[in-house]
2 protein chains.
Amino acid sequence: MTTENYSPAQTVEISGFSLDTLRYYERIGLIEPVRRAAGGHRRYTDDDIGWLDMLRCLRGTGMPIAQMQTFAELVRDGDTTVAERLALLEEHDANVEAEMARLIDLRRKVQEKIAYYRGALAQMPVECVRD
Amino acid sequence: MTTENYSPAQTVEISGFSLDTLRYYERIGLIEPVRRAAGGHRRYTDDDIGWLDMLRCLRGTGMPIAQMQTFAELVRDGDTTVAERLALLEEHDANVEAEMARLIDLRRKVQEKIAYYRGALAQMPVECVRD
DNA sequence: CTGGAATCTGGAGCGCGCTCCAGGTCAAGC
DNA sequence: GCTTGACCTGGAGCGCGCTCCAGATTCCAG
């Protein structure tokens with residue numbers, strides 16, 4: 001079994017990115033120029049799909065586009081950039097960790113507010129509680 | 001001890017919002033019109049500070065401005081909206097939880113990538129690893 | 001009284017990350 | 001062959017959440 005091809009529509013389905021986003025990412029260099037079929041239509045490869053999954057992880061954890069571009073460039077520059085890529089990912093991971101800690105902390109405060117409202121509601125006359 | 005007043009600069013300091021953001025929030029109705037000193041300068045009260053802290057929790061956990069406006073309106077409408085406010089906060093809390101779950105999941109994938117790079121780096125000839 | 005800092009208002013501008021559009025080309029079933 | 005839908009390109013537009021600006025006013029230390 002050789003490398004598969006995927007139409008734009010299939011790639012949308014698989015990657016979760018919209019058609020426009022896929023083209024946008026290619027335009028700004030987040031994706032290598034995608035191979036084309038005879039008529040000029042894109043054919044995404046398994047490699048493309050894998051890379052898109054990577055992008056989804058980074059983007060989905062809040063990495064800015066600009067930093068993903070940096071990362072994509074490192075990948076393009078080949079094996080000698082592995083250490084740099086690792087450093088970039090480690091820094092990003094630390095950022096994500098910090099962001100999660102921030103969320104946990106603020107969420108706790110929201111939950112305190114919820115608890116307060118539950119208490120207030122329990123004390124209130126019935127006509128305020130009924131819809 | 002009576003209710004304190006805070007200048008805009010102090011409120012920036014305490015709340016963590018910028019001056020522009022404070023004014024913006026007031027303009028769009030996230031904050032009640034703030035009391036003014038004789039010359040027209042704002043004087044934030046302890047109540048204002050408390051409300052700003054609430055806003056910080058909601059905004060900081062990713063609630064969209066529009067929903068915070070809804071919440072602010074419910075608060076303005078008084079005691080009869082307590083149940084609605086509770087429902088809104090509970091829904092938001094569920095959203096935050098989902099967001100955190102999403103982050104945890106994607107972060108795990110990022111960490112797998114990091115582990116992979118660490119392995120790759122360990123295998124590489126020395127000249128690629130040196131800076 | 002004066003100079004400089006803080007604050008005021010209304011409105012324009014911006015950075016990010018897409019998203020949409022027009023006008024055309026290509027592919028595939030009937 | 002024709003129709004219908006998928007896809008193409010380049011460029012404009014947008015939603016969000018601020019952020020900045022100009023020009024005027026107020027406050028306060030010296």
# chains A, B, ... in the order shown; residues from 1 in each chain; ligands from 1

call {"tool": "calpha_fit_and_write", "arguments": {"fixed": "chain A", "moving": "chain B", "output": "mmCIF file with N, CA and C atoms, in the first residue's frame"}}
result
data_model
loop_
_atom_site.group_PDB
_atom_site.id
_atom_site.type_symbol
_atom_site.label_atom_id
_atom_site.label_comp_id
_atom_site.auth_asym_id
_atom_site.auth_seq_id
_atom_site.Cartn_x
_atom_site.Cartn_y
_atom_site.Cartn_z
ATOM 1 N N MET B 1 0.863 -1.196 0.243
ATOM 2 C CA MET B 1 0.025 0.003 0.233
ATOM 3 C C MET B 1 0.865 1.272 0.205
ATOM 4 N N THR B 2 0.590 2.075 -0.801
ATOM 5 C CA THR B 2 1.385 3.304 -0.958
ATOM 6 C C THR B 2 0.707 4.484 -0.262
ATOM 7 N N THR B 3 1.298 5.631 -0.402
ATOM 8 C CA THR B 3 0.764 6.828 0.247
ATOM 9 C C THR B 3 -0.576 7.227 -0.368
ATOM 10 N N GLU B 4 -1.519 7.514 0.494
ATOM 11 C CA GLU B 4 -2.852 7.889 0.040
ATOM 12 C C GLU B 4 -2.919 9.353 -0.376
ATOM 13 N N ASN B 5 -3.922 9.651 -1.153
ATOM 14 C CA ASN B 5 -4.246 11.024 -1.512
ATOM 15 C C ASN B 5 -5.573 11.406 -0.883
ATOM 16 N N TYR B 6 -5.705 12.675 -0.565
ATOM 17 C CA TYR B 6 -6.972 13.137 -0.014
ATOM 18 C C TYR B 6 -7.380 14.413 -0.735
ATOM 19 N N SER B 7 -8.631 14.467 -1.132
ATOM 20 C CA SER B 7 -9.164 15.686 -1.736
ATOM 21 C C SER B 7 -9.280 16.750 -0.644
ATOM 22 N N PRO B 8 -9.422 18.007 -1.033
ATOM 23 C CA PRO B 8 -9.652 19.064 -0.057
ATOM 24 C C PRO B 8 -10.822 18.734 0.871
ATOM 25 N N ALA B 9 -11.919 18.274 0.309
ATOM 26 C CA ALA B 9 -13.089 17.972 1.133
ATOM 27 C C ALA B 9 -12.770 16.889 2.162
ATOM 28 N N GLN B 10 -12.059 15.861 1.723
ATOM 29 C CA GLN B 10 -11.687 14.795 2.660
ATOM 30 C C GLN B 10 -10.763 15.320 3.747
ATOM 31 N N THR B 11 -9.880 16.211 3.348
ATOM 32 C CA THR B 11 -8.907 16.751 4.294
ATOM 33 C C THR B 11 -9.582 17.627 5.341
ATOM 34 N N VAL B 12 -10.601 18.350 4.905
ATOM 35 C CA VAL B 12 -11.417 19.113 5.846
ATOM 36 C C VAL B 12 -12.005 18.157 6.886
ATOM 37 N N GLU B 13 -12.578 17.087 6.373
ATOM 38 C CA GLU B 13 -13.198 16.066 7.216
ATOM 39 C C GLU B 13 -12.213 15.505 8.238
ATOM 40 N N ILE B 14 -11.044 15.132 7.748
ATOM 41 C CA ILE B 14 -10.053 14.461 8.591
ATOM 42 C C ILE B 14 -9.380 15.415 9.568
ATOM 43 N N SER B 15 -9.019 16.579 9.057
ATOM 44 C CA SER B 15 -8.182 17.477 9.875
ATOM 45 C C SER B 15 -8.997 18.335 10.830
ATOM 46 N N GLY B 16 -10.231 18.586 10.447
ATOM 47 C CA GLY B 16 -11.031 19.486 11.270
ATOM 48 C C GLY B 16 -10.830 20.957 10.932
ATOM 49 N N PHE B 17 -9.880 21.251 10.062
ATOM 50 C CA PHE B 17 -9.731 22.636 9.596
ATOM 51 C C PHE B 17 -10.698 22.896 8.450
ATOM 52 N N SER B 18 -11.135 24.129 8.315
ATOM 53 C CA SER B 18 -12.011 24.460 7.193
ATOM 54 C C SER B 18 -11.185 24.554 5.917
ATOM 55 N N LEU B 19 -11.884 24.503 4.800
ATOM 56 C CA LEU B 19 -11.229 24.630 3.504
ATOM 57 C C LEU B 19 -10.437 25.926 3.439
ATOM 58 N N ASP B 20 -11.071 26.988 3.868
ATOM 59 C CA ASP B 20 -10.398 28.285 3.829
ATOM 60 C C ASP B 20 -9.164 28.299 4.715
ATOM 61 N N THR B 21 -9.275 27.666 5.860
ATOM 62 C CA THR B 21 -8.138 27.649 6.767
ATOM 63 C C THR B 21 -6.987 26.841 6.180
ATOM 64 N N LEU B 22 -7.306 25.735 5.546
ATOM 65 C CA LEU B 22 -6.260 24.939 4.899
ATOM 66 C C LEU B 22 -5.506 25.766 3.859
ATOM 67 N N ARG B 23 -6.263 26.493 3.051
ATOM 68 C CA ARG B 23 -5.617 27.312 2.023
ATOM 69 C C ARG B 23 -4.826 28.445 2.657
ATOM 70 N N TYR B 24 -5.417 29.020 3.691
ATOM 71 C CA TYR B 24 -4.748 30.107 4.411
ATOM 72 C C TYR B 24 -3.422 29.622 4.995
ATOM 73 N N TYR B 25 -3.436 28.488 5.614
ATOM 74 C CA TYR B 25 -2.217 27.942 6.217
ATOM 75 C C TYR B 25 -1.154 27.682 5.159
ATOM 76 N N GLU B 26 -1.610 27.253 4.008
ATOM 77 C CA GLU B 26 -0.642 27.003 2.936
ATOM 78 C C GLU B 26 -0.046 28.323 2.444
ATOM 79 N N ARG B 27 -0.907 29.303 2.294
ATOM 80 C CA ARG B 27 -0.463 30.613 1.809
ATOM 81 C C ARG B 27 0.590 31.223 2.721
ATOM 82 N N ILE B 28 0.391 31.094 4.017
ATOM 83 C CA ILE B 28 1.311 31.755 4.951
ATOM 84 C C ILE B 28 2.478 30.855 5.331
ATOM 85 N N GLY B 29 2.584 29.712 4.688
ATOM 86 C CA GLY B 29 3.773 28.893 4.886
ATOM 87 C C GLY B 29 3.722 27.951 6.078
ATOM 88 N N LEU B 30 2.531 27.755 6.628
ATOM 89 C CA LEU B 30 2.415 26.775 7.708
ATOM 90 C C LEU B 30 2.419 25.365 7.143
ATOM 91 N N ILE B 31 2.017 25.260 5.888
ATOM 92 C CA ILE B 31 2.004 23.989 5.186
ATOM 93 C C ILE B 31 2.844 24.163 3.928
ATOM 94 N N GLU B 32 3.635 23.169 3.609
ATOM 95 C CA GLU B 32 4.362 23.180 2.343
ATOM 96 C C GLU B 32 3.356 23.236 1.200
ATOM 97 N N PRO B 33 3.742 23.796 0.066
ATOM 98 C CA PRO B 33 2.851 23.786 -1.089
ATOM 99 C C PRO B 33 2.360 22.364 -1.352
ATOM 100 N N VAL B 34 1.058 22.226 -1.411
ATOM 101 C CA VAL B 34 0.461 20.896 -1.497
ATOM 102 C C VAL B 34 0.516 20.391 -2.941
ATOM 103 N N ARG B 35 0.783 19.104 -3.088
ATOM 104 C CA ARG B 35 0.834 18.498 -4.420
ATOM 105 C C ARG B 35 -0.498 18.704 -5.149
ATOM 106 N N ARG B 36 -0.433 18.806 -6.472
ATOM 107 C CA ARG B 36 -1.644 19.042 -7.235
ATOM 108 C C ARG B 36 -1.914 17.885 -8.195
ATOM 109 N N ALA B 37 -3.181 17.616 -8.416
ATOM 110 C CA ALA B 37 -3.579 16.689 -9.474
ATOM 111 C C ALA B 37 -3.478 17.425 -10.813
ATOM 112 N N ALA B 38 -3.706 16.706 -11.886
ATOM 113 C CA ALA B 38 -3.549 17.267 -13.238
ATOM 114 C C ALA B 38 -4.227 18.634 -13.375
ATOM 115 N N GLY B 39 -5.468 18.739 -12.957
ATOM 116 C CA GLY B 39 -6.239 19.964 -13.162
ATOM 117 C C GLY B 39 -5.941 21.078 -12.189
ATOM 118 N N GLY B 40 -4.977 20.865 -11.315
ATOM 119 C CA GLY B 40 -4.632 21.923 -10.380
ATOM 120 C C GLY B 40 -5.257 21.760 -9.006
ATOM 121 N N HIS B 41 -6.101 20.767 -8.851
ATOM 122 C CA HIS B 41 -6.734 20.540 -7.554
ATOM 123 C C HIS B 41 -5.751 19.901 -6.584
ATOM 124 N N ARG B 42 -5.839 20.296 -5.332
ATOM 125 C CA ARG B 42 -4.904 19.801 -4.322
ATOM 126 C C ARG B 42 -5.146 18.323 -4.007
ATOM 127 N N ARG B 43 -4.051 17.626 -3.769
ATOM 128 C CA ARG B 43 -4.111 16.253 -3.261
ATOM 129 C C ARG B 43 -3.223 16.199 -2.020
ATOM 130 N N TYR B 44 -3.849 16.099 -0.882
ATOM 131 C CA TYR B 44 -3.089 16.035 0.361
ATOM 132 C C TYR B 44 -2.595 14.607 0.574
ATOM 133 N N THR B 45 -1.376 14.482 1.056
ATOM 134 C CA THR B 45 -0.804 13.165 1.332
ATOM 135 C C THR B 45 -0.976 12.820 2.812
ATOM 136 N N ASP B 46 -0.634 11.584 3.135
ATOM 137 C CA ASP B 46 -0.649 11.180 4.542
ATOM 138 C C ASP B 46 0.296 12.046 5.369
ATOM 139 N N ASP B 47 1.410 12.412 4.763
ATOM 140 C CA ASP B 47 2.338 13.302 5.457
ATOM 141 C C ASP B 47 1.678 14.639 5.773
ATOM 142 N N ASP B 48 0.981 15.170 4.781
ATOM 143 C CA ASP B 48 0.261 16.432 5.007
ATOM 144 C C ASP B 48 -0.716 16.282 6.172
ATOM 145 N N ILE B 49 -1.454 15.179 6.142
ATOM 146 C CA ILE B 49 -2.435 14.932 7.206
ATOM 147 C C ILE B 49 -1.753 14.882 8.568
ATOM 148 N N GLY B 50 -0.615 14.223 8.617
ATOM 149 C CA GLY B 50 0.130 14.141 9.873
ATOM 150 C C GLY B 50 0.575 15.511 10.363
ATOM 151 N N TRP B 51 1.053 16.300 9.441
ATOM 152 C CA TRP B 51 1.500 17.644 9.791
ATOM 153 C C TRP B 51 0.324 18.498 10.249
ATOM 154 N N LEU B 52 -0.818 18.335 9.580
ATOM 155 C CA LEU B 52 -2.023 19.062 9.987
ATOM 156 C C LEU B 52 -2.433 18.690 11.403
ATOM 157 N N ASP B 53 -2.233 17.433 11.734
ATOM 158 C CA ASP B 53 -2.558 16.998 13.087
ATOM 159 C C ASP B 53 -1.642 17.687 14.103
ATOM 160 N N MET B 54 -0.396 17.797 13.736
ATOM 161 C CA MET B 54 0.553 18.536 14.588
ATOM 162 C C MET B 54 0.091 19.980 14.758
ATOM 163 N N LEU B 55 -0.265 20.600 13.648
ATOM 164 C CA LEU B 55 -0.732 21.989 13.708
ATOM 165 C C LEU B 55 -1.967 22.106 14.607
ATOM 166 N N ARG B 56 -2.830 21.129 14.499
ATOM 167 C CA ARG B 56 -4.044 21.152 15.321
ATOM 168 C C ARG B 56 -3.705 21.116 16.808
ATOM 169 N N CYS B 57 -2.698 20.310 17.144
ATOM 170 C CA CYS B 57 -2.272 20.246 18.544
ATOM 171 C C CYS B 57 -1.713 21.578 19.012
ATOM 172 N N LEU B 58 -0.877 22.164 18.184
ATOM 173 C CA LEU B 58 -0.243 23.423 18.595
ATOM 174 C C LEU B 58 -1.276 24.538 18.650
ATOM 175 N N ARG B 59 -2.033 24.665 17.577
ATOM 176 C CA ARG B 59 -3.036 25.725 17.517
ATOM 177 C C ARG B 59 -4.077 25.541 18.618
ATOM 178 N N GLY B 60 -4.480 24.307 18.797
ATOM 179 C CA GLY B 60 -5.513 23.987 19.781
ATOM 180 C C GLY B 60 -5.072 24.225 21.214
ATOM 181 N N THR B 61 -3.779 24.263 21.428
ATOM 182 C CA THR B 61 -3.277 24.607 22.759
ATOM 183 C C THR B 61 -2.857 26.064 22.812
ATOM 184 N N GLY B 62 -3.260 26.822 21.815
ATOM 185 C CA GLY B 62 -3.105 28.270 21.915
ATOM 186 C C GLY B 62 -1.809 28.835 21.387
ATOM 187 N N MET B 63 -1.018 28.051 20.661
ATOM 188 C CA MET B 63 0.193 28.642 20.104
ATOM 189 C C MET B 63 -0.196 29.649 19.021
ATOM 190 N N PRO B 64 0.409 30.847 19.059
ATOM 191 C CA PRO B 64 0.094 31.838 18.026
ATOM 192 C C PRO B 64 0.608 31.374 16.669
ATOM 193 N N ILE B 65 -0.088 31.806 15.629
ATOM 194 C CA ILE B 65 0.287 31.484 14.258
ATOM 195 C C ILE B 65 1.765 31.799 14.008
ATOM 196 N N ALA B 66 2.215 32.934 14.460
ATOM 197 C CA ALA B 66 3.593 33.368 14.181
ATOM 198 C C ALA B 66 4.602 32.337 14.693
ATOM 199 N N GLN B 67 4.328 31.798 15.874
ATOM 200 C CA GLN B 67 5.254 30.815 16.440
ATOM 201 C C GLN B 67 5.175 29.492 15.681
ATOM 202 N N MET B 68 3.985 29.171 15.224
ATOM 203 C CA MET B 68 3.849 27.954 14.416
ATOM 204 C C MET B 68 4.618 28.126 13.114
ATOM 205 N N GLN B 69 4.647 29.340 12.597
ATOM 206 C CA GLN B 69 5.434 29.588 11.389
ATOM 207 C C GLN B 69 6.915 29.360 11.658
ATOM 208 N N THR B 70 7.362 29.837 12.787
ATOM 209 C CA THR B 70 8.752 29.587 13.188
ATOM 210 C C THR B 70 9.026 28.096 13.233
ATOM 211 N N PHE B 71 8.136 27.381 13.869
ATOM 212 C CA PHE B 71 8.299 25.933 13.986
ATOM 213 C C PHE B 71 8.322 25.272 12.610
ATOM 214 N N ALA B 72 7.418 25.690 11.751
ATOM 215 C CA ALA B 72 7.348 25.106 10.405
ATOM 216 C C ALA B 72 8.656 25.344 9.653
ATOM 217 N N GLU B 73 9.212 26.518 9.858
ATOM 218 C CA GLU B 73 10.470 26.838 9.183
ATOM 219 C C GLU B 73 11.594 25.941 9.708
ATOM 220 N N LEU B 74 11.609 25.723 10.997
ATOM 221 C CA LEU B 74 12.622 24.835 11.577
ATOM 222 C C LEU B 74 12.505 23.439 10.975
ATOM 223 N N VAL B 75 11.273 22.980 10.835
ATOM 224 C CA VAL B 75 11.070 21.659 10.247
ATOM 225 C C VAL B 75 11.589 21.643 8.812
ATOM 226 N N ARG B 76 11.311 22.695 8.067
ATOM 227 C CA ARG B 76 11.804 22.765 6.690
ATOM 228 C C ARG B 76 13.325 22.755 6.624
ATOM 229 N N ASP B 77 13.957 23.340 7.650
ATOM 230 C CA ASP B 77 15.412 23.453 7.618
ATOM 231 C C ASP B 77 16.119 22.152 7.971
ATOM 232 N N GLY B 78 15.362 21.126 8.302
ATOM 233 C CA GLY B 78 15.963 19.805 8.425
ATOM 234 C C GLY B 78 16.508 19.441 9.797
ATOM 235 N N ASP B 79 17.271 18.354 9.805
ATOM 236 C CA ASP B 79 17.675 17.687 11.041
ATOM 237 C C ASP B 79 18.458 18.558 12.020
ATOM 238 N N THR B 80 19.166 19.524 11.480
ATOM 239 C CA THR B 80 20.023 20.307 12.377
ATOM 240 C C THR B 80 19.224 21.185 13.333
ATOM 241 N N THR B 81 17.928 21.257 13.127
ATOM 242 C CA THR B 81 17.122 22.149 13.970
ATOM 243 C C THR B 81 16.347 21.397 15.045
ATOM 244 N N VAL B 82 16.664 20.131 15.194
ATOM 245 C CA VAL B 82 15.879 19.325 16.142
ATOM 246 C C VAL B 82 15.938 19.897 17.554
ATOM 247 N N ALA B 83 17.119 20.328 17.953
ATOM 248 C CA ALA B 83 17.258 20.868 19.307
ATOM 249 C C ALA B 83 16.415 22.129 19.474
ATOM 250 N N GLU B 84 16.423 22.955 18.460
ATOM 251 C CA GLU B 84 15.618 24.181 18.523
ATOM 252 C C GLU B 84 14.135 23.877 18.592
ATOM 253 N N ARG B 85 13.734 22.912 17.781
ATOM 254 C CA ARG B 85 12.316 22.532 17.786
ATOM 255 C C ARG B 85 11.911 22.023 19.158
ATOM 256 N N LEU B 86 12.786 21.209 19.721
ATOM 257 C CA LEU B 86 12.507 20.673 21.057
ATOM 258 C C LEU B 86 12.343 21.811 22.052
ATOM 259 N N ALA B 87 13.249 22.771 21.981
ATOM 260 C CA ALA B 87 13.192 23.902 22.918
ATOM 261 C C ALA B 87 11.885 24.670 22.736
ATOM 262 N N LEU B 88 11.503 24.868 21.492
ATOM 263 C CA LEU B 88 10.266 25.596 21.215
ATOM 264 C C LEU B 88 9.066 24.857 21.795
ATOM 265 N N LEU B 89 9.026 23.556 21.576
ATOM 266 C CA LEU B 89 7.891 22.783 22.088
ATOM 267 C C LEU B 89 7.881 22.757 23.608
ATOM 268 N N GLU B 90 9.068 22.667 24.191
ATOM 269 C CA GLU B 90 9.124 22.642 25.661
ATOM 270 C C GLU B 90 8.626 23.960 26.238
ATOM 271 N N GLU B 91 9.021 25.034 25.594
ATOM 272 C CA GLU B 91 8.562 26.330 26.081
ATOM 273 C C GLU B 91 7.040 26.431 25.937
ATOM 274 N N HIS B 92 6.563 25.958 24.801
ATOM 275 C CA HIS B 92 5.114 25.999 24.597
ATOM 276 C C HIS B 92 4.399 25.158 25.646
ATOM 277 N N ASP B 93 4.935 23.997 25.910
ATOM 278 C CA ASP B 93 4.311 23.124 26.906
ATOM 279 C C ASP B 93 4.244 23.819 28.265
ATOM 280 N N ALA B 94 5.307 24.528 28.586
ATOM 281 C CA ALA B 94 5.312 25.269 29.859
ATOM 282 C C ALA B 94 4.224 26.338 29.840
ATOM 283 N N ASN B 95 4.060 26.990 28.705
ATOM 284 C CA ASN B 95 3.003 28.000 28.589
ATOM 285 C C ASN B 95 1.628 27.384 28.791
ATOM 286 N N VAL B 96 1.433 26.225 28.183
ATOM 287 C CA VAL B 96 0.141 25.551 28.312
ATOM 288 C C VAL B 96 -0.104 25.192 29.775
ATOM 289 N N GLU B 97 0.939 24.708 30.400
ATOM 290 C CA GLU B 97 0.800 24.347 31.819
ATOM 291 C C GLU B 97 0.401 25.569 32.648
ATOM 292 N N ALA B 98 1.058 26.680 32.375
ATOM 293 C CA ALA B 98 0.744 27.911 33.107
ATOM 294 C C ALA B 98 -0.691 28.336 32.840
ATOM 295 N N GLU B 99 -1.096 28.219 31.610
ATOM 296 C CA GLU B 99 -2.453 28.587 31.233
ATOM 297 C C GLU B 99 -3.472 27.712 31.966
ATOM 298 N N MET B 100 -3.169 26.441 32.045
ATOM 299 C CA MET B 100 -4.080 25.537 32.750
ATOM 300 C C MET B 100 -4.148 25.881 34.229
ATOM 301 N N ALA B 101 -3.002 26.208 34.793
ATOM 302 C CA ALA B 101 -2.981 26.582 36.210
ATOM 303 C C ALA B 101 -3.849 27.831 36.431
ATOM 304 N N ARG B 102 -3.722 28.771 35.504
ATOM 305 C CA ARG B 102 -4.504 30.001 35.590
ATOM 306 C C ARG B 102 -5.996 29.679 35.523
ATOM 307 N N LEU B 103 -6.340 28.809 34.585
ATOM 308 C CA LEU B 103 -7.739 28.417 34.423
ATOM 309 C C LEU B 103 -8.278 27.752 35.688
ATOM 310 N N ILE B 104 -7.482 26.844 36.235
ATOM 311 C CA ILE B 104 -7.919 26.131 37.437
ATOM 312 C C ILE B 104 -8.181 27.110 38.559
ATOM 313 N N ASP B 105 -7.277 28.058 38.710
ATOM 314 C CA ASP B 105 -7.401 29.032 39.783
ATOM 315 C C ASP B 105 -8.658 29.883 39.616
ATOM 316 N N LEU B 106 -8.850 30.426 38.416
ATOM 317 C CA LEU B 106 -10.011 31.289 38.196
ATOM 318 C C LEU B 106 -11.306 30.484 38.243
ATOM 319 N N ARG B 107 -11.243 29.273 37.774
ATOM 320 C CA ARG B 107 -12.444 28.448 37.789
ATOM 321 C C ARG B 107 -12.900 28.203 39.226
ATOM 322 N N ARG B 108 -11.939 28.017 40.097
ATOM 323 C CA ARG B 108 -12.271 27.831 41.508
ATOM 324 C C ARG B 108 -13.064 29.030 42.024
ATOM 325 N N LYS B 109 -12.638 30.219 41.608
ATOM 326 C CA LYS B 109 -13.350 31.413 42.055
ATOM 327 C C LYS B 109 -14.762 31.472 41.465
ATOM 328 N N VAL B 110 -14.895 31.065 40.228
ATOM 329 C CA VAL B 110 -16.219 31.009 39.617
ATOM 330 C C VAL B 110 -17.099 30.032 40.399
ATOM 331 N N GLN B 111 -16.506 28.919 40.763
ATOM 332 C CA GLN B 111 -17.287 27.902 41.490
ATOM 333 C C GLN B 111 -17.692 28.398 42.872
ATOM 334 N N GLU B 112 -16.842 29.201 43.476
ATOM 335 C CA GLU B 112 -17.226 29.803 44.758
ATOM 336 C C GLU B 112 -18.458 30.698 44.566
ATOM 337 N N LYS B 113 -18.436 31.450 43.482
ATOM 338 C CA LYS B 113 -19.573 32.304 43.176
ATOM 339 C C LYS B 113 -20.832 31.456 42.984
ATOM 340 N N ILE B 114 -20.681 30.349 42.291
ATOM 341 C CA ILE B 114 -21.813 29.453 42.069
ATOM 342 C C ILE B 114 -22.354 28.944 43.400
ATOM 343 N N ALA B 115 -21.448 28.537 44.273
ATOM 344 C CA ALA B 115 -21.860 28.040 45.586
ATOM 345 C C ALA B 115 -22.625 29.123 46.342
ATOM 346 N N TYR B 116 -22.127 30.337 46.219
ATOM 347 C CA TYR B 116 -22.791 31.458 46.876
ATOM 348 C C TYR B 116 -24.211 31.636 46.354
ATOM 349 N N TYR B 117 -24.361 31.593 45.045
ATOM 350 C CA TYR B 117 -25.678 31.748 44.446
ATOM 351 C C TYR B 117 -26.603 30.611 44.844
ATOM 352 N N ARG B 118 -26.063 29.413 44.922
ATOM 353 C CA ARG B 118 -26.897 28.277 45.339
ATOM 354 C C ARG B 118 -27.436 28.515 46.733
ATOM 355 N N GLY B 119 -26.556 29.007 47.591
ATOM 356 C CA GLY B 119 -26.974 29.311 48.963
ATOM 357 C C GLY B 119 -28.047 30.378 48.979
ATOM 358 N N ALA B 120 -27.813 31.433 48.212
ATOM 359 C CA ALA B 120 -28.758 32.548 48.179
ATOM 360 C C ALA B 120 -30.124 32.072 47.685
ATOM 361 N N LEU B 121 -30.090 31.233 46.682
ATOM 362 C CA LEU B 121 -31.321 30.729 46.096
ATOM 363 C C LEU B 121 -32.102 29.896 47.107
ATOM 364 N N ALA B 122 -31.376 29.094 47.869
ATOM 365 C CA ALA B 122 -32.016 28.212 48.849
ATOM 366 C C ALA B 122 -32.747 29.022 49.914
ATOM 367 N N GLN B 123 -32.274 30.231 50.161
ATOM 368 C CA GLN B 123 -32.851 31.068 51.212
ATOM 369 C C GLN B 123 -34.046 31.886 50.732
ATOM 370 N N MET B 124 -34.232 31.915 49.421
ATOM 371 C CA MET B 124 -35.183 32.883 48.888
ATOM 372 C C MET B 124 -36.621 32.370 48.921
ATOM 373 N N PRO B 125 -37.563 33.307 49.007
ATOM 374 C CA PRO B 125 -38.973 32.919 48.954
ATOM 375 C C PRO B 125 -39.274 32.195 47.642
ATOM 376 N N VAL B 126 -40.254 31.330 47.717
ATOM 377 C CA VAL B 126 -40.529 30.417 46.616
ATOM 378 C C VAL B 126 -40.818 31.143 45.303
ATOM 379 N N GLU B 127 -41.517 32.259 45.373
ATOM 380 C CA GLU B 127 -41.938 32.933 44.136
ATOM 381 C C GLU B 127 -40.762 33.450 43.313
ATOM 382 N N CYS B 128 -39.617 33.574 43.954
ATOM 383 C CA CYS B 128 -38.441 34.000 43.195
ATOM 384 C C CYS B 128 -37.747 32.826 42.519
ATOM 385 N N VAL B 129 -38.027 31.636 43.012
ATOM 386 C CA VAL B 129 -37.295 30.480 42.531
ATOM 387 C C VAL B 129 -38.026 29.801 41.384
ATOM 388 N N ARG B 130 -39.340 29.840 41.489
ATOM 389 C CA ARG B 130 -40.138 29.302 40.374
ATOM 390 C C ARG B 130 -39.773 30.038 39.100
ATOM 391 N N ASP B 131 -39.852 29.339 38.007
ATOM 392 C CA ASP B 131 -39.631 30.052 36.730
ATOM 393 C C ASP B 131 -40.772 31.031 36.559
#

call {"tool": "closest_atom_pairs", "arguments": {"of": "chain C", "to": "chain B", "cutoff": "10 Å", "atoms": "only C-alpha atoms (C1' of nucleotides)", "output": "Markdown table"}}
result
| residue | atom | partner | partner_atom | distance |
| --- | --- | --- | --- | --- |
| C:DA6 | C1' | B:Ala9 | CA | 8.4 |
| C:DT7 | C1' | B:His41 | CA | 6.2 |
| C:DC8 | C1' | B:His41 | CA | 7.2 |

call {"tool": "closest_atom_pairs", "arguments": {"of": "chain D", "to": "chain B", "cutoff": "8 Å", "atoms": "only C-alpha atoms (C1' of nucleotides)", "output": "tab-separated table"}}
result
residue	atom	partner	partner_atom	distance
D:DC18	C1'	B:Thr21	CA	6.7
D:DT19	C1'	B:Asp20	CA	7.0
D:DT26	C1'	B:Gly39	CA	6.1

call {"tool": "select_by_dssp", "arguments": {"residues": "chain A", "states": "helix (DSSP H, G or I)", "output": "PyMOL selection string"}}
result
chain A and resi 8-15+19-27+46-60+65-76+79-123+126-129

call {"tool": "select_by_dssp", "arguments": {"residues": "segment 20-129 of chain B", "states": "strand (DSSP E or B)", "output": "count of residues only"}}
result
4

call {"tool": "atom_distance", "arguments": {"atom1": "atom C1' of DG24 of chain C", "atom2": "atom C1' of DC8 of chain D"}}
result
7.9 Å

call {"tool": "atom_distance", "arguments": {"atom1": "atom C1' of DG10 of chain D", "atom2": "atom C1' of DG13 of chain C"}}
result
24.9 Å

call {"tool": "atom_distance", "arguments": {"atom1": "atom C1' of DC26 of chain C", "atom2": "atom C1' of DG13 of chain D"}}
result
27.7 Å

call {"tool": "residues_around", "arguments": {"residues": "segment 2-4 of chain D", "least_positions_apart": "3", "cutoff": "10 Å", "atoms": "only C-alpha atoms (C1' of nucleotides)", "output": "ChimeraX atom specification"}}
result
/C:28-30

call {"tool": "write_last_selection", "arguments": {"atoms": "C-alpha atoms (C1' of nucleotides)", "output": "PDB file, in the first residue's frame"}}
result
ATOM      1  C1'  DA C  28     -18.047  13.315 -13.097  1.00  0.00           C
ATOM      2  C1'  DG C  29     -22.732  11.419 -13.774  1.00  0.00           C
ATOM      3  C1'  DC C  30     -26.658  11.388 -17.056  1.00  0.00           C
TER       4       DC C  30
END
